[in-house]
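Asker: File structure.pdb follows (PDB, C-alpha atoms, pLDDT in the B column):
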```
ATOM      1  CA  MET L   1      93.991 105.806  78.054  1.00 90.00           C
ATOM      2  CA  MET L   2      92.937 104.529  81.475  1.00 96.00           C
ATOM      3  CA  GLU L   3      89.698 104.581  83.404  1.00 97.00           C
ATOM      4  CA  MET L   4      90.066 106.932  86.367  1.00 97.00           C
ATOM      5  CA  ASN L   5      88.082 104.614  88.614  1.00 97.00           C
ATOM      6  CA  ASP L   6      90.471 101.791  87.725  1.00 98.00           C
ATOM      7  CA  LEU L   7      93.465 103.969  88.632  1.00 98.00           C
ATOM      8  CA  LEU L   8      91.925 104.947  91.975  1.00 98.00           C
ATOM      9  CA  ARG L   9      91.140 101.320  92.818  1.00 97.00           C
ATOM     10  CA  LYS L  10      94.712 100.257  92.094  1.00 98.00           C
ATOM     11  CA  LEU L  11      96.218 103.079  94.166  1.00 98.00           C
ATOM     12  CA  ALA L  12      93.819 102.337  97.019  1.00 97.00           C
ATOM     13  CA  LYS L  13      95.210  98.814  97.381  1.00 97.00           C
ATOM     14  CA  ASN L  14      98.538 100.093  98.731  1.00 96.00           C
ATOM     15  CA  PHE L  15      97.594 103.625  99.781  1.00 98.00           C
ATOM     16  CA  PRO L  16      94.045 103.518 101.166  1.00 97.00           C
ATOM     17  CA  LYS L  17      92.552 106.601 102.814  1.00 94.00           C
ATOM     18  CA  ARG L  18      92.419 104.787 106.150  1.00 94.00           C
ATOM     19  CA  TYR L  19      96.238 104.977 106.255  1.00 95.00           C
ATOM     20  CA  ALA L  20      96.101 108.767 106.395  1.00 93.00           C
ATOM     21  CA  LYS L  21      96.636 110.326 109.809  1.00 84.00           C
ATOM     22  CA  ALA L  22      93.219 110.731 111.387  1.00 72.00           C
ATOM     23  CA  ASN L  23      91.585 114.077 112.102  1.00 71.00           C
ATOM     24  CA  HIS L  24      94.090 116.375 110.442  1.00 76.00           C
ATOM     25  CA  ASP L  25      95.319 114.890 107.161  1.00 88.00           C
ATOM     26  CA  PHE L  26      93.300 115.298 104.003  1.00 87.00           C
ATOM     27  CA  VAL L  27      93.830 113.038 100.996  1.00 95.00           C
ATOM     28  CA  GLY L  28      92.003 112.066  97.833  1.00 95.00           C
ATOM     29  CA  LEU L  29      90.087 114.482  95.603  1.00 96.00           C
ATOM     30  CA  MET L  30      91.052 118.042  96.550  1.00 96.00           C
ATOM     31  CA  ALA L  31      89.464 120.086  93.766  1.00 96.00           C
ATOM     32  CA  GLY L  32      87.606 119.654  90.507  1.00 95.00           C
ATOM     33  CA  LYS L  33      85.571 116.687  89.339  1.00 95.00           C
ATOM     34  CA  ARG L  34      86.652 113.119  88.818  1.00 95.00           C
ATOM     35  CA  PRO L  35      87.338 112.488  85.106  1.00 95.00           C
ATOM     36  CA  GLU L  36      86.100 109.326  83.450  1.00 96.00           C
ATOM     37  CA  LYS L  37      89.286 108.589  81.524  1.00 97.00           C
ATOM     38  CA  ILE L  38      92.861 109.806  81.818  1.00 98.00           C
ATOM     39  CA  GLN L  39      95.918 109.836  79.607  1.00 98.00           C
ATOM     40  CA  LYS L  40      98.044 112.717  80.916  1.00 98.00           C
ATOM     41  CA  ILE L  41      99.060 112.983  84.586  1.00 98.00           C
ATOM     42  CA  PHE L  42     100.957 115.845  86.215  1.00 98.00           C
ATOM     43  CA  LEU L  43     103.010 115.034  89.346  1.00 98.00           C
ATOM     44  CA  CYS L  44     104.427 117.477  91.900  1.00 98.00           C
ATOM     45  CA  LEU L  45     105.020 117.763  95.631  1.00 98.00           C
ATOM     46  CA  ASP L  46     102.862 120.877  95.979  1.00 98.00           C
ATOM     47  CA  LEU L  47     100.470 122.490  93.534  1.00 98.00           C
ATOM     48  CA  ASP L  48     101.029 126.234  93.837  1.00 97.00           C
ATOM     49  CA  TRP L  49     101.178 129.409  91.764  1.00 97.00           C
ATOM     50  CA  GLU L  50     104.831 128.796  90.846  1.00 97.00           C
ATOM     51  CA  VAL L  51     104.099 125.532  89.063  1.00 97.00           C
ATOM     52  CA  LEU L  52     100.791 126.593  87.496  1.00 98.00           C
ATOM     53  CA  PRO L  53     102.347 127.729  84.161  1.00 98.00           C
ATOM     54  CA  LYS L  54     103.770 124.220  83.642  1.00 98.00           C
ATOM     55  CA  VAL L  55     100.359 122.727  84.393  1.00 98.00           C
ATOM     56  CA  LYS L  56      98.745 124.964  81.777  1.00 98.00           C
ATOM     57  CA  GLU L  57     101.399 124.022  79.253  1.00 98.00           C
ATOM     58  CA  PHE L  58     100.991 120.270  79.816  1.00 98.00           C
ATOM     59  CA  LYS L  59      97.162 120.306  80.058  1.00 98.00           C
ATOM     60  CA  PRO L  60      96.822 117.153  82.187  1.00 98.00           C
ATOM     61  CA  ASP L  61      93.708 115.088  82.676  1.00 98.00           C
ATOM     62  CA  VAL L  62      94.529 114.913  86.382  1.00 98.00           C
ATOM     63  CA  ILE L  63      97.061 116.398  88.796  1.00 98.00           C
ATOM     64  CA  ILE L  64      98.472 114.234  91.594  1.00 98.00           C
ATOM     65  CA  THR L  65     100.339 115.889  94.462  1.00 98.00           C
ATOM     66  CA  HIS L  66     101.976 114.535  97.592  1.00 98.00           C
ATOM     67  CA  HIS L  67     101.130 117.343  99.994  1.00 97.00           C
ATOM     68  CA  PRO L  68      97.405 118.090 100.203  1.00 96.00           C
ATOM     69  CA  PHE L  69      96.382 120.825  97.790  1.00 96.00           C
ATOM     70  CA  ILE L  70      93.882 121.945 100.437  1.00 93.00           C
ATOM     71  CA  TYR L  71      95.324 121.216 103.875  1.00 90.00           C
ATOM     72  CA  GLY L  72      92.295 121.311 106.146  1.00 88.00           C
ATOM     73  CA  THR L  73      88.595 121.573 105.552  1.00 87.00           C
ATOM     74  CA  ARG L  74      87.848 123.258 102.243  1.00 89.00           C
ATOM     75  CA  ALA L  75      85.501 125.834 103.742  1.00 89.00           C
ATOM     76  CA  ARG L  76      87.958 126.947 106.420  1.00 90.00           C
ATOM     77  CA  VAL L  77      91.034 127.043 104.189  1.00 90.00           C
ATOM     78  CA  LEU L  78      89.335 129.007 101.421  1.00 87.00           C
ATOM     79  CA  LYS L  79      87.827 131.415 103.958  1.00 91.00           C
ATOM     80  CA  TYR L  80      91.134 132.391 105.541  1.00 93.00           C
ATOM     81  CA  ASP L  81      93.648 131.862 102.709  1.00 93.00           C
ATOM     82  CA  GLU L  82      92.918 134.276  99.870  1.00 95.00           C
ATOM     83  CA  SER L  83      95.801 133.076  97.688  1.00 95.00           C
ATOM     84  CA  LYS L  84      94.701 129.451  97.994  1.00 95.00           C
ATOM     85  CA  ARG L  85      91.087 130.363  97.268  1.00 95.00           C
ATOM     86  CA  LEU L  86      92.083 132.138  94.060  1.00 97.00           C
ATOM     87  CA  LEU L  87      94.300 129.229  93.013  1.00 97.00           C
ATOM     88  CA  VAL L  88      91.513 126.692  93.625  1.00 96.00           C
ATOM     89  CA  GLU L  89      89.146 128.827  91.582  1.00 96.00           C
ATOM     90  CA  GLU L  90      91.672 129.023  88.747  1.00 97.00           C
ATOM     91  CA  ILE L  91      92.375 125.283  88.767  1.00 97.00           C
ATOM     92  CA  GLU L  92      88.664 124.474  88.720  1.00 96.00           C
ATOM     93  CA  ARG L  93      88.039 127.048  85.986  1.00 96.00           C
ATOM     94  CA  LEU L  94      90.696 125.325  83.892  1.00 96.00           C
ATOM     95  CA  GLY L  95      89.099 121.949  84.608  1.00 96.00           C
ATOM     96  CA  TYR L  96      92.076 120.185  86.185  1.00 97.00           C
ATOM     97  CA  PRO L  97      91.058 117.785  88.982  1.00 98.00           C
ATOM     98  CA  VAL L  98      93.567 117.453  91.824  1.00 98.00           C
ATOM     99  CA  TYR L  99      94.204 114.345  93.937  1.00 98.00           C
ATOM    100  CA  SER L 100      96.623 114.219  96.862  1.00 97.00           C
ATOM    101  CA  TYR L 101      98.331 111.173  98.394  1.00 98.00           C
ATOM    102  CA  HIS L 102      99.988 112.274 101.612  1.00 97.00           C
ATOM    103  CA  THR L 103     100.428 110.231 104.805  1.00 96.00           C
ATOM    104  CA  ASN L 104      98.646 107.302 103.192  1.00 97.00           C
ATOM    105  CA  PHE L 105     101.475 107.321 100.614  1.00 98.00           C
ATOM    106  CA  ASP L 106     104.053 107.720 103.383  1.00 98.00           C
ATOM    107  CA  THR L 107     102.656 104.668 105.171  1.00 97.00           C
ATOM    108  CA  GLY L 108     101.722 102.331 102.331  1.00 98.00           C
ATOM    109  CA  LYS L 109     103.861  99.595 100.858  1.00 97.00           C
ATOM    110  CA  GLY L 110     106.074 100.887  98.068  1.00 98.00           C
ATOM    111  CA  GLY L 111     105.399 104.507  98.993  1.00 98.00           C
ATOM    112  CA  MET L 112     107.468 107.357 100.390  1.00 98.00           C
ATOM    113  CA  ASN L 113     109.340 105.750 103.259  1.00 98.00           C
ATOM    114  CA  ASP L 114     110.005 102.531 101.381  1.00 98.00           C
ATOM    115  CA  ALA L 115     111.467 104.627  98.568  1.00 98.00           C
ATOM    116  CA  LEU L 116     113.692 106.515 100.999  1.00 98.00           C
ATOM    117  CA  THR L 117     115.036 103.325 102.602  1.00 98.00           C
ATOM    118  CA  SER L 118     115.657 101.877  99.171  1.00 98.00           C
ATOM    119  CA  ALA L 119     117.631 104.969  98.159  1.00 98.00           C
ATOM    120  CA  LEU L 120     119.804 104.542 101.256  1.00 98.00           C
ATOM    121  CA  GLY L 121     120.380 100.898 100.356  1.00 98.00           C
ATOM    122  CA  LEU L 122     119.035  99.648 103.680  1.00 98.00           C
ATOM    123  CA  ILE L 123     118.531  95.928 104.198  1.00 98.00           C
ATOM    124  CA  ASN L 124     116.391  93.948 106.655  1.00 98.00           C
ATOM    125  CA  VAL L 125     113.811  96.743 106.527  1.00 98.00           C
ATOM    126  CA  TYR L 126     110.761  96.546 108.769  1.00 98.00           C
ATOM    127  CA  THR L 127     107.938  98.726 110.074  1.00 98.00           C
ATOM    128  CA  PRO L 128     107.713  99.061 113.881  1.00 98.00           C
ATOM    129  CA  GLU L 129     104.317  98.249 115.359  1.00 97.00           C
ATOM    130  CA  LYS L 130     103.998 101.579 117.137  1.00 97.00           C
ATOM    131  CA  ASP L 131     104.401 103.691 113.990  1.00 97.00           C
ATOM    132  CA  PRO L 132     103.225 102.295 110.636  1.00 97.00           C
ATOM    133  CA  MET L 133     104.849 105.206 108.831  1.00 97.00           C
ATOM    134  CA  MET L 134     108.387 104.596 110.103  1.00 98.00           C
ATOM    135  CA  ARG L 135     110.847 102.298 108.384  1.00 98.00           C
ATOM    136  CA  ILE L 136     113.880 100.768 110.068  1.00 98.00           C
ATOM    137  CA  GLY L 137     116.718  99.001 108.329  1.00 98.00           C
ATOM    138  CA  GLU L 138     120.440  98.371 108.320  1.00 98.00           C
ATOM    139  CA  LEU L 139     123.333  99.591 106.241  1.00 98.00           C
ATOM    140  CA  LYS L 140     125.336  96.812 104.620  1.00 98.00           C
ATOM    141  CA  ASP L 141     128.446  98.330 106.196  1.00 98.00           C
ATOM    142  CA  ALA L 142     128.554 100.604 109.215  1.00 98.00           C
ATOM    143  CA  LYS L 143     129.578 104.223 108.669  1.00 98.00           C
ATOM    144  CA  GLU L 144     130.892 106.870 111.039  1.00 98.00           C
ATOM    145  CA  ALA L 145     127.995 109.231 111.853  1.00 98.00           C
ATOM    146  CA  SER L 146     129.364 112.258 109.995  1.00 98.00           C
ATOM    147  CA  GLU L 147     130.269 110.072 107.010  1.00 98.00           C
ATOM    148  CA  PHE L 148     126.741 108.679 106.978  1.00 98.00           C
ATOM    149  CA  ALA L 149     125.255 112.187 107.063  1.00 98.00           C
ATOM    150  CA  LYS L 150     127.283 113.171 103.995  1.00 98.00           C
ATOM    151  CA  PHE L 151     126.246 109.939 102.284  1.00 98.00           C
ATOM    152  CA  ALA L 152     122.540 110.599 102.972  1.00 98.00           C
ATOM    153  CA  LYS L 153     122.839 114.184 101.722  1.00 97.00           C
ATOM    154  CA  THR L 154     124.279 112.903  98.455  1.00 97.00           C
ATOM    155  CA  VAL L 155     121.710 110.124  98.093  1.00 97.00           C
ATOM    156  CA  PHE L 156     118.782 112.506  98.566  1.00 98.00           C
ATOM    157  CA  HIS L 157     120.258 115.227  96.310  1.00 96.00           C
ATOM    158  CA  VAL L 158     120.111 118.071  98.820  1.00 96.00           C
ATOM    159  CA  ASP L 159     122.653 120.781  99.599  1.00 93.00           C
ATOM    160  CA  TYR L 160     122.644 120.496 103.365  1.00 95.00           C
ATOM    161  CA  ALA L 161     121.607 118.438 106.373  1.00 96.00           C
ATOM    162  CA  LEU L 162     121.755 119.080 110.135  1.00 97.00           C
ATOM    163  CA  LEU L 163     123.456 116.407 112.215  1.00 98.00           C
ATOM    164  CA  ILE L 164     123.093 115.977 115.955  1.00 98.00           C
ATOM    165  CA  ASN L 165     126.042 113.714 116.683  1.00 97.00           C
ATOM    166  CA  SER L 166     125.513 112.911 120.356  1.00 97.00           C
ATOM    167  CA  GLY L 167     125.093 109.142 120.249  1.00 97.00           C
ATOM    168  CA  ALA L 168     126.875 106.129 118.817  1.00 96.00           C
ATOM    169  CA  LYS L 169     130.054 106.892 116.914  1.00 97.00           C
ATOM    170  CA  ASN L 170     129.209 104.467 114.120  1.00 98.00           C
ATOM    171  CA  VAL L 171     125.888 104.023 112.351  1.00 98.00           C
ATOM    172  CA  LYS L 172     124.529 100.651 111.277  1.00 98.00           C
ATOM    173  CA  LYS L 173     120.808 100.579 112.132  1.00 98.00           C
ATOM    174  CA  VAL L 174     118.763 103.476 110.744  1.00 98.00           C
ATOM    175  CA  GLY L 175     115.210 104.705 111.328  1.00 98.00           C
ATOM    176  CA  ILE L 176     113.510 107.130 108.956  1.00 98.00           C
ATOM    177  CA  ILE L 177     110.304 109.053 108.326  1.00 98.00           C
ATOM    178  CA  GLY L 178     110.385 111.488 105.416  1.00 97.00           C
ATOM    179  CA  GLY L 179     109.106 115.011 105.986  1.00 95.00           C
ATOM    180  CA  GLY L 180     108.277 116.333 109.423  1.00 95.00           C
ATOM    181  CA  GLY L 181     108.513 113.321 111.699  1.00 96.00           C
ATOM    182  CA  SER L 182     111.176 114.477 114.148  1.00 97.00           C
ATOM    183  CA  ARG L 183     109.171 113.403 117.203  1.00 96.00           C
ATOM    184  CA  GLY L 184     109.600 109.777 116.177  1.00 98.00           C
ATOM    185  CA  TRP L 185     113.164 109.765 117.485  1.00 98.00           C
ATOM    186  CA  ARG L 186     112.218 108.122 120.806  1.00 98.00           C
ATOM    187  CA  LEU L 187     110.698 105.111 119.057  1.00 98.00           C
ATOM    188  CA  ALA L 188     113.713 104.805 116.749  1.00 98.00           C
ATOM    189  CA  LYS L 189     116.000 104.872 119.787  1.00 98.00           C
ATOM    190  CA  ASP L 190     113.868 102.267 121.591  1.00 98.00           C
ATOM    191  CA  GLU L 191     114.100 100.075 118.474  1.00 98.00           C
ATOM    192  CA  GLY L 192     117.878 100.165 118.711  1.00 98.00           C
ATOM    193  CA  CYS L 193     118.557 102.502 115.801  1.00 98.00           C
ATOM    194  CA  ASP L 194     121.945 104.200 115.849  1.00 98.00           C
ATOM    195  CA  ILE L 195     120.486 107.244 114.101  1.00 98.00           C
ATOM    196  CA  TYR L 196     117.082 108.582 113.164  1.00 98.00           C
ATOM    197  CA  ILE L 197     116.362 110.612 110.021  1.00 98.00           C
ATOM    198  CA  SER L 198     113.479 113.014 109.568  1.00 98.00           C
ATOM    199  CA  GLY L 199     112.986 116.762 109.236  1.00 97.00           C
ATOM    200  CA  ASP L 200     111.509 119.992 110.562  1.00 97.00           C
ATOM    201  CA  ALA L 201     112.785 119.394 114.109  1.00 97.00           C
ATOM    202  CA  PRO L 202     111.900 122.306 116.436  1.00 97.00           C
ATOM    203  CA  HIS L 203     114.443 123.562 118.952  1.00 98.00           C
ATOM    204  CA  HIS L 204     113.023 121.724 121.964  1.00 98.00           C
ATOM    205  CA  VAL L 205     113.046 118.392 120.131  1.00 98.00           C
ATOM    206  CA  ARG L 206     116.688 118.908 119.189  1.00 98.00           C
ATOM    207  CA  ARG L 207     117.517 119.586 122.832  1.00 98.00           C
ATOM    208  CA  GLU L 208     115.720 116.417 123.902  1.00 98.00           C
ATOM    209  CA  ILE L 209     117.799 114.412 121.435  1.00 98.00           C
ATOM    210  CA  VAL L 210     121.062 115.980 122.606  1.00 98.00           C
ATOM    211  CA  ASN L 211     120.233 115.288 126.252  1.00 98.00           C
ATOM    212  CA  ALA L 212     119.304 111.699 125.401  1.00 98.00           C
ATOM    213  CA  GLN L 213     122.769 111.300 123.841  1.00 98.00           C
ATOM    214  CA  TYR L 214     121.360 110.181 120.527  1.00 98.00           C
ATOM    215  CA  ASN L 215     122.064 110.770 116.825  1.00 98.00           C
ATOM    216  CA  TYR L 216     119.573 112.616 114.643  1.00 98.00           C
ATOM    217  CA  LEU L 217     119.886 113.703 111.020  1.00 98.00           C
ATOM    218  CA  ASP L 218     117.535 116.543 110.150  1.00 98.00           C
ATOM    219  CA  MET L 219     117.000 116.456 106.385  1.00 98.00           C
ATOM    220  CA  PRO L 220     115.173 119.108 104.342  1.00 97.00           C
ATOM    221  CA  HIS L 221     111.489 118.336 103.828  1.00 96.00           C
ATOM    222  CA  GLU L 222     112.275 118.437 100.106  1.00 96.00           C
ATOM    223  CA  ILE L 223     113.816 114.949 100.176  1.00 98.00           C
ATOM    224  CA  GLU L 224     110.202 113.957  99.615  1.00 98.00           C
ATOM    225  CA  LYS L 225     110.685 114.894  95.969  1.00 97.00           C
ATOM    226  CA  ILE L 226     111.333 111.173  95.603  1.00 98.00           C
ATOM    227  CA  PHE L 227     107.522 111.049  95.472  1.00 98.00           C
ATOM    228  CA  MET L 228     107.526 111.997  91.786  1.00 98.00           C
ATOM    229  CA  PRO L 229     109.705 109.207  90.322  1.00 98.00           C
ATOM    230  CA  THR L 230     108.202 106.718  92.776  1.00 98.00           C
ATOM    231  CA  MET L 231     104.614 107.555  91.858  1.00 98.00           C
ATOM    232  CA  LYS L 232     105.515 107.683  88.167  1.00 98.00           C
ATOM    233  CA  LYS L 233     106.901 104.151  88.314  1.00 98.00           C
ATOM    234  CA  ILE L 234     103.761 102.953  90.089  1.00 98.00           C
ATOM    235  CA  LEU L 235     101.442 104.612  87.566  1.00 98.00           C
ATOM    236  CA  LEU L 236     103.318 103.238  84.565  1.00 98.00           C
ATOM    237  CA  SER L 237     103.104  99.750  86.058  1.00 98.00           C
ATOM    238  CA  TYR L 238      99.323 100.149  85.775  1.00 98.00           C
ATOM    239  CA  ASP L 239      99.394 101.471  82.223  1.00 98.00           C
ATOM    240  CA  PRO L 240     102.702 102.042  80.373  1.00 98.00           C
ATOM    241  CA  THR L 241     100.962 104.248  77.790  1.00 98.00           C
ATOM    242  CA  LEU L 242     100.194 107.007  80.293  1.00 98.00           C
ATOM    243  CA  GLU L 243     101.877 110.371  79.630  1.00 98.00           C
ATOM    244  CA  ILE L 244     103.367 111.611  82.879  1.00 98.00           C
ATOM    245  CA  MET L 245     105.041 114.914  83.626  1.00 98.00           C
ATOM    246  CA  GLU L 246     106.931 115.122  86.936  1.00 98.00           C
ATOM    247  CA  VAL L 247     107.989 118.571  88.079  1.00 97.00           C
ATOM    248  CA  ASP L 248     110.418 119.319  90.893  1.00 95.00           C
ATOM    249  CA  HIS L 249     110.029 123.093  91.169  1.00 95.00           C
ATOM    250  CA  GLU L 250     110.788 123.518  94.881  1.00 94.00           C
ATOM    251  CA  LYS L 251     114.240 124.921  95.546  1.00 92.00           C
ATOM    252  CA  LEU L 252     116.042 124.605  98.860  1.00 93.00           C
ATOM    253  CA  PRO L 253     116.747 127.768 100.848  1.00 92.00           C
ATOM    254  CA  LYS L 254     120.168 129.242 100.142  1.00 91.00           C
ATOM    255  CA  VAL L 255     122.729 128.337 102.790  1.00 90.00           C
ATOM    256  CA  ILE L 256     124.677 131.388 103.985  1.00 93.00           C
ATOM    257  CA  GLN L 257     128.043 130.494 105.493  1.00 86.00           C
TER     258      GLN L 257
END
```
Is it possible to express this structure as structure tokens?

Answerer:
Amino acid sequence: MMEMNDLLRKLAKNFPKRYAKANHDFVGLMAGKRPEKIQKIFLCLDLDWEVLPKVKEFKPDVIITHHPFIYGTRARVLKYDESKRLLVEEIERLGYPVYSYHTNFDTGKGGMNDALTSALGLINVYTPEKDPMMRIGELKDAKEASEFAKFAKTVFHVDYALLINSGAKNVKKVGIIGGGGSRGWRLAKDEGCDIYISGDAPHHVRREIVNAQYNYLDMPHEIEKIFMPTMKKILLSYDPTLEIMEVDHEKLPKVIQ
């Protein structure tokens, strides 16, 4: 069993709240009350109605999510989102506190984007000054752009990816931000990356990339499921006796061909 305050202090060393994107990201305690001691931790990308039965079955001392359980100010979200309000009420009735580590986890050392670069096997990894969330590294051996896209799809265990293949034929230097960081492509290009990986690119951003004659790999937001094994490893390094349940309940949309 571990003191909750001790756990929070350890996590804050690499993923402090000040790393979260200012003004619109919400991290830390989302709902419930801070427990004194913890033994059982439930991990998921998003806490929603679909995963609630597994939470009830496991009966954790604390739930840790990547995406904020309440995305915005509590008063505003619960006023306009009836489903979320009812879920918050149910979670608090059951007595399960919820903590979220979002862009502070994306930015911090050993967090989301470090885990993604590690999965790709990138070397000489660095963080550009203009975006502390982005990671840039090199493949050990260059790959043709389409070959690299297939490789990344396999590495991240997803069924599809969208490749804009308008730039360099071969890929060696790679920039990445997990989730919805498509607008970072200009910085990646300026840093000399042959391709940039992120997700959720709107139409106009895709057109900008095409017209800039650049390569972009749009990956499903769900590649961030790497959060669960990454956070689990971190937590067990603090206390190997912790009981941790990681649940990947979010399925990709079905691709119709």

Asker: Could you spell out the hits of the PyMOL selection byres ((chain L and resi 234) around 12) on the shown file, as an mmCIF file with C-alpha atoms, in the frame of the given file?

Answerer:
```
data_model
loop_
_atom_site.group_PDB
_atom_site.id
_atom_site.type_symbol
_atom_site.label_atom_id
_atom_site.label_comp_id
_atom_site.auth_asym_id
_atom_site.auth_seq_id
_atom_site.Cartn_x
_atom_site.Cartn_y
_atom_site.Cartn_z
ATOM 1 C CA LEU L 7 93.465 103.969 88.632
ATOM 2 C CA LYS L 10 94.712 100.257 92.094
ATOM 3 C CA LEU L 11 96.218 103.079 94.166
ATOM 4 C CA LYS L 13 95.210 98.814 97.381
ATOM 5 C CA ASN L 14 98.538 100.093 98.731
ATOM 6 C CA PHE L 15 97.594 103.625 99.781
ATOM 7 C CA PHE L 105 101.475 107.321 100.614
ATOM 8 C CA LYS L 109 103.861 99.595 100.858
ATOM 9 C CA GLY L 110 106.074 100.887 98.068
ATOM 10 C CA GLY L 111 105.399 104.507 98.993
ATOM 11 C CA MET L 112 107.468 107.357 100.390
ATOM 12 C CA ALA L 115 111.467 104.627 98.568
ATOM 13 C CA PHE L 227 107.522 111.049 95.472
ATOM 14 C CA MET L 228 107.526 111.997 91.786
ATOM 15 C CA PRO L 229 109.705 109.207 90.322
ATOM 16 C CA THR L 230 108.202 106.718 92.776
ATOM 17 C CA MET L 231 104.614 107.555 91.858
ATOM 18 C CA LYS L 232 105.515 107.683 88.167
ATOM 19 C CA LYS L 233 106.901 104.151 88.314
ATOM 20 C CA LEU L 235 101.442 104.612 87.566
ATOM 21 C CA LEU L 236 103.318 103.238 84.565
ATOM 22 C CA SER L 237 103.104 99.750 86.058
ATOM 23 C CA TYR L 238 99.323 100.149 85.775
ATOM 24 C CA ASP L 239 99.394 101.471 82.223
ATOM 25 C CA PRO L 240 102.702 102.042 80.373
ATOM 26 C CA LEU L 242 100.194 107.007 80.293
ATOM 27 C CA ILE L 244 103.367 111.611 82.879
#
```

Asker: So which one's closest to Leu120 (chain L), L:Ala12, L:Ile197, L:Val62, L:Ile70? Using only C-alpha atoms, please.

Answerer: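 That would be L:Ile197, the residue with the smallest distance to Leu120 (chain L).
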
Asker: Run the PyMOL selection byres ((chain L and resi 103) around 8) mentally over the shown coordinates, then write out the matched residues as a list of chain:residue names, using the chain letters and numbers from the document.

Answerer: L:Tyr19, L:Ala20, L:Lys21, L:Asp25, L:Tyr101, L:His102, L:Asn104, L:Phe105, L:Asp106, L:Thr107, L:Met133

Asker: Name every residue that the PyMOL selection byres ((chain L and resi 52) around 12) selects in this structure, writing the answer as a list of chain:residue names with chains first and numbers rising.

Answerer: L:Phe42, L:Leu43, L:Cys44, L:Asp46, L:Leu47, L:Asp48, L:Trp49, L:Glu50, L:Val51, L:Pro53, L:Lys54, L:Val55, L:Lys56, L:Glu57, L:Phe58, L:Lys59, L:Pro60, L:Ile63, L:Leu87, L:Val88, L:Glu90, L:Ile91, L:Leu94, L:Tyr96, L:Val247, L:His249

Asker: Report the distance between CA of Thr73 (chain L) and CA of Arg85 (chain L) in Å, rounded to one decimal place.

Answerer: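 Interatomic distance here is 12.3 Å.
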
Asker: What is the distance, in Å and to one decimal place, between CA of Arg135 (chain L) and CA of Gly181 (chain L)?

Answerer: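 Straight-line distance from CA of Arg135 (chain L) to CA of Gly181 (chain L) works out to 11.7 Å.
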
Asker: Restricting the calculation to all atoms listed in the file, which member of L:Arg9, L:Lys150, L:His24, L:Lys143 is positioned closest to Leu162 (chain L)?

Answerer: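 The shortest atom-to-atom distance to Leu162 (chain L) comes from L:Lys150.
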
Asker: So which one's closest to Ala31 (chain L), L:Asp200, L:Glu222, L:Glu89, L:Glu147? Using only C-alpha atoms, please.

Answerer: L:Glu89

Asker: Given the choices L:Leu45, L:Ala161, L:Ala75, L:Leu29, which gets closest to Pro253 (chain L) if the distance is worked out from only C-alpha atoms?

Answerer: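 For Pro253 (chain L), the nearest of the candidates is L:Ala161.
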
Asker: So how far away is CA of His157 (chain L) from CA of Gly121 (chain L), in Å?

Answerer: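 Those two atoms sit 14.9 Å apart.
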
Asker: Tell me, as a JSON list (two decimals) with C-alpha atoms, in the frame of the given file, which residues lie within 12 Å of Ser182 (chain L), counting all atoms listed in the file; anything in the same chain fewer than 3 positions away does not count.

Answerer:
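The new file selection_7.json reads:
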```json
[["chain", "number", "residue", "atom", "x", "y", "z"],
["L", 134, "MET", "CA", 108.39, 104.60, 110.10],
["L", 175, "GLY", "CA", 115.21, 104.70, 111.33],
["L", 176, "ILE", "CA", 113.51, 107.13, 108.96],
["L", 177, "ILE", "CA", 110.30, 109.05, 108.33],
["L", 178, "GLY", "CA", 110.38, 111.49, 105.42],
["L", 179, "GLY", "CA", 109.11, 115.01, 105.99],
["L", 185, "TRP", "CA", 113.16, 109.76, 117.48],
["L", 186, "ARG", "CA", 112.22, 108.12, 120.81],
["L", 187, "LEU", "CA", 110.70, 105.11, 119.06],
["L", 188, "ALA", "CA", 113.71, 104.80, 116.75],
["L", 195, "ILE", "CA", 120.49, 107.24, 114.10],
["L", 196, "TYR", "CA", 117.08, 108.58, 113.16],
["L", 197, "ILE", "CA", 116.36, 110.61, 110.02],
["L", 198, "SER", "CA", 113.48, 113.01, 109.57],
["L", 199, "GLY", "CA", 112.99, 116.76, 109.24],
["L", 200, "ASP", "CA", 111.51, 119.99, 110.56],
["L", 201, "ALA", "CA", 112.78, 119.39, 114.11],
["L", 202, "PRO", "CA", 111.90, 122.31, 116.44],
["L", 203, "HIS", "CA", 114.44, 123.56, 118.95],
["L", 204, "HIS", "CA", 113.02, 121.72, 121.96],
["L", 205, "VAL", "CA", 113.05, 118.39, 120.13],
["L", 206, "ARG", "CA", 116.69, 118.91, 119.19],
["L", 207, "ARG", "CA", 117.52, 119.59, 122.83],
["L", 208, "GLU", "CA", 115.72, 116.42, 123.90],
["L", 209, "ILE", "CA", 117.80, 114.41, 121.44],
["L", 215, "ASN", "CA", 122.06, 110.77, 116.82],
["L", 216, "TYR", "CA", 119.57, 112.62, 114.64],
["L", 217, "LEU", "CA", 119.89, 113.70, 111.02],
["L", 218, "ASP", "CA", 117.54, 116.54, 110.15],
["L", 219, "MET", "CA", 117.00, 116.46, 106.38],
["L", 220, "PRO", "CA", 115.17, 119.11, 104.34],
["L", 221, "HIS", "CA", 111.49, 118.34, 103.83]]
```

Asker: Counting only C-alpha atoms, which residue out of L:Leu163, L:Leu8, L:Leu122, L:Ala22 sits closest to Ser146 (chain L)?

Answerer: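 Checking each of L:Leu163, L:Leu8, L:Leu122, L:Ala22 against Ser146 (chain L), counting only C-alpha atoms, the winner is L:Leu163.
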